[in-house]
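Student: Below you will find the structure I want to go over with you.
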Amino acid sequence: MVTNSFKTINGKDYYFDEKGAMKTGWISQTNEYDGTAYTTWFYADASGALVTNSWIFDGGRWYYFDDIDGSMVFDGVHYVNGKLYYFNSTGAMQTGWISISGKNEYNSKTYTIWYYADASGVLKTNSWFLYGGNWYYFDSTGEMAVGYQYIGGQIYLFNANGILSRGGWVYDRDIEQWYYADKNGIALTNKWILDGNKWYFVNFNGTMATGPNVVNGIYYFFEKNGSLATGGWRYNGYSWYFVNADGSIAKGWKFVGGKWYYLDQYYGEMYKGYQYVDGKFYYFDNTTGEMITNKWIKDADSSYGENWYFATANGSLAKNQWVLYGGKWFYVDQNNGMVANRTAWVNGALYYFNTDGSLHEEEGWVTNINGDKYYVNAGGTVKTGICQIGNIWYYFSPYYGELIFTY
């Protein structure tokens, strides 16, 4: 005897209870999956056969049982014979306005999706809907459009309630962008907008411009609220820019508040640190961006170790030249900056420089940190080759001047 189970007889499914009696009407079957119990509902007609691919009207509500196993569909949108319907958690077909709410698993934002079903329960899809004097649009899944929507080759804008906007700003919460709708609800693109006494610009895709943006080949800066900036320094979260009075971004050299700055010639970002400009190296303060002048600059990140460079009066870094600073002479070479604690050839003469980089100008013996000995003439030049000092002869390296041996 068949009990508590389904039985297929002559191609039809029947259900028999614990006593073996055939059931009619509503039938429930509870199963457990992954530790959670769930109930599936079926419906048997007066003959006991389970209905499939069929509508049942019961208690003033319509229900649908699918064509696979005859289970009742519920809780969401379902296709029935090529049309979309919405069924609530009890399986009852819905009509009129329908909403579902939830939380986005990626950004934790709450959301609400709206549908509209006609009197027969069919959801509106790919169609406009006039309701209460306002226009709405429902996409291919039956969801009501909000924010930015591409329909029939045009970008339309709907407010958060799904109403077609008839002019003005519209915020798309999903992608966090502002748009501007004309009187027909179509998004403006590639267009300047004067709103109040401020100018705004919407890009080719209709989004409101913020930060640095190119308009007709010119870089402009727009505030966080989208209004065109009108003069002064602006920061976009990554770089500083200087904005001219007309909102365009300055490029190249800029003298502001008694200081010189350099702004990238293509995009206008403020330069900081060591930069190569117009064939020369300059140093711009790492915080303020101002060009440094008449000052030694320490470069601890140099590939040559910890080096010092000198910014001249015009800001360019000294290179292969003498520098008079604090009453002392220094020399800056081709690559390594300040020469210190060693000798260096300058214009055919070999000089010795102290550990602080200053020229050793007093005559006499000196020893560097490596233990090498040199004899420095008055004025800073170093003896090379065979030389007599006092009554003793010495031999100094002809290349670097260090003492090789004593005769």
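In the structure tokens, each chain is lettered A, B, ... as it comes, each chain's residues begin at 1, and ligands are numbered from 1 in order of appearance.
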Pick out the residues sitting within 7 Å of segment 183-192 of chain A, and hand them over as number ranges by chain; count only C-alpha atoms, and ignore anything fewer than 6 positions along from it in its own chain.
Tutor: A: 154-157, 164-167, 199-206
Student: Which residues, written as a PyMOL selection string, have at least one atom at most 9 Å from Asp66 of chain A, with only C-alpha atoms counted and residues fewer than 5 positions away on the same chain left out?
Tutor: chain A and resi 51-54+71-73+80
Student: Could you list, with a cut-off of 10 Å and counting only C-alpha atoms, the residues of segment 153-229 of chain A near segment 100-114 of chain A, each shown with its nearest atom pair and the distance in Å rounded to one decimal, rows sorted by chain and ascending number, as CSV?
Tutor:
residue,atom,partner,partner_atom,distance
A:Ala160,CA,A:Thr112,CA,9.9
A:Asn161,CA,A:Trp114,CA,9.2
A:Gly162,CA,A:Trp114,CA,8.6
A:Arg173,CA,A:Tyr111,CA,9.6
A:Asp174,CA,A:Tyr111,CA,9.1
Student: Please provide as a list of chain:residue names all residues within 6 Å of segment 311-313 of chain A, with the sequence filter that same-chain residues fewer than 6 positions apart are discarded (counting only C-alpha atoms).
Tutor: A:Thr293, A:Asn294, A:Lys295
Student: Neighbouring residues of segment 345-350 of chain A were defined as those with any atom within 10 Å, considering only C-alpha atoms; residues of the same chain fewer than 6 positions away were excluded. Please report them as a list in words.
Tutor: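 Contacts, with the query itself left out: Asn320, Gln321, Trp322, Tyr331, Asp333, Val376, Gly380, Thr381, Val382, Lys383, Thr384, Pro398, Tyr399, Tyr400 and Gly401 of chain A.
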Student: Running DSSP on the backbone, which parts of segment 164-340 of chain A land in strand (DSSP E or B), as an NGL selection string?
Tutor: :A and (164 or 168-172 or 177-181 or 186-187 or 191-195 or 198-202 or 208 or 211-215 or 218-222 or 228 or 232-235 or 240-243 or 248-249 or 252-256 or 259-263 or 270 or 273-277 or 280-284 or 291 or 295-299 or 307-311 or 316-317 or 321-325 or 328-332 or 338)
Student: Please provide as a JSON list (two decimals) with C-alpha atoms, in the first residue's frame all residues within 12 Å of Thr8 of chain A, with the sequence filter that same-chain residues fewer than 3 positions apart are discarded (counting only C-alpha atoms).
Tutor:
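selection35.json, written as the output of this step:
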[["chain", "number", "residue", "atom", "x", "y", "z"],
["A", 2, "VAL", "CA", 1.29, 3.45, -0.93],
["A", 5, "SER", "CA", 4.00, 9.59, -1.05],
["A", 11, "GLY", "CA", 0.61, 9.04, -16.57],
["A", 12, "LYS", "CA", -0.90, 11.08, -13.75],
["A", 13, "ASP", "CA", 0.44, 11.77, -10.27],
["A", 14, "TYR", "CA", -1.58, 11.09, -7.13],
["A", 15, "TYR", "CA", -0.81, 11.52, -3.45],
["A", 16, "PHE", "CA", -1.68, 9.02, -0.73],
["A", 48, "GLY", "CA", -7.10, 13.12, -7.14],
["A", 49, "ALA", "CA", -4.76, 13.90, -10.03],
["A", 50, "LEU", "CA", -2.20, 16.64, -9.34],
["A", 69, "ASP", "CA", 6.41, 18.63, -10.84]]
Student: Which residues are close to Trp260 of chain A, i.e. within 8 Å by only C-alpha atoms, leaving aside same-chain residues fewer than 6 positions away? Reply as a PyMOL selection string.
Tutor: chain A and resi 253-254+290-291
Student: May I have the selected residues written with N, CA and C atoms, as a CSV table (one decimal), in the first residue's frame?
Tutor:
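Below is the file that was written, part-v5.csv:
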chain,number,residue,atom,x,y,z
A,253,TRP,N,54.0,77.0,-15.9
A,253,TRP,CA,54.5,77.8,-14.7
A,253,TRP,C,53.3,78.7,-14.2
A,254,LYS,N,53.2,78.8,-12.9
A,254,LYS,CA,52.2,79.7,-12.3
A,254,LYS,C,52.7,80.3,-11.1
A,290,GLU,N,55.3,74.3,-3.9
A,290,GLU,CA,56.0,75.5,-4.3
A,290,GLU,C,57.5,75.1,-4.7
A,291,MET,N,58.0,75.9,-5.7
A,291,MET,CA,59.3,75.7,-6.2
A,291,MET,C,60.3,76.2,-5.1
Student: Have a look at A:Trp97, A:Tyr150, A:Trp55, A:Trp329 and name the one nearest to Phe129 of chain A; count only C-alpha atoms.
Tutor: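 Ranked by minimum distance to Phe129 of chain A, first place goes to A:Trp97.
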Student: Choose the residue, out of A:Gly337, A:Gly96, A:Gly289, A:Gly371, that has the smallest atom-to-atom separation from Val323 of chain A; count only C-alpha atoms.
Tutor: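 Between A:Gly337, A:Gly96, A:Gly289, A:Gly371, the residue approaching Val323 of chain A most closely is A:Gly337.
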Student: May I have the residues within 12 Å of Asn391 of chain A as a list in words, using only C-alpha atoms and disregarding those fewer than 3 positions away in the same chain?
Tutor: Cys387, Gln388, Tyr394, Thr406 and Tyr407 of chain A
Student: Restricting the calculation to only C-alpha atoms, which member of A:Gly258, A:Ile404, A:Ala145, A:Met208 is positioned closest to Tyr171 of chain A?
Tutor: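 Result for the nearest residue to Tyr171 of chain A: A:Met208.
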Student: Determine the nearest neighbour of Val122 of chain A from the options A:Gly147, A:Gly327, A:Gly390, A:Gly82, counting only C-alpha atoms.
Tutor: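 Residue with the minimum atom-to-atom distance to Val122 of chain A: A:Gly82.
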Student: If I take atom CA of Trp135 of chain A and atom CA of Asn159 of chain A, how far is one from the other in Å, to one decimal?
Tutor: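 Computed distance, atom CA of Trp135 of chain A to atom CA of Asn159 of chain A, equals 10.9 Å.
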Student: Report, in Å with one decimal, the straight-line distance from atom CA of Ser397 of chain A to atom CA of Gly364 of chain A.
Tutor: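 Atom-to-atom, atom CA of Ser397 of chain A to atom CA of Gly364 of chain A, that is 16.8 Å.
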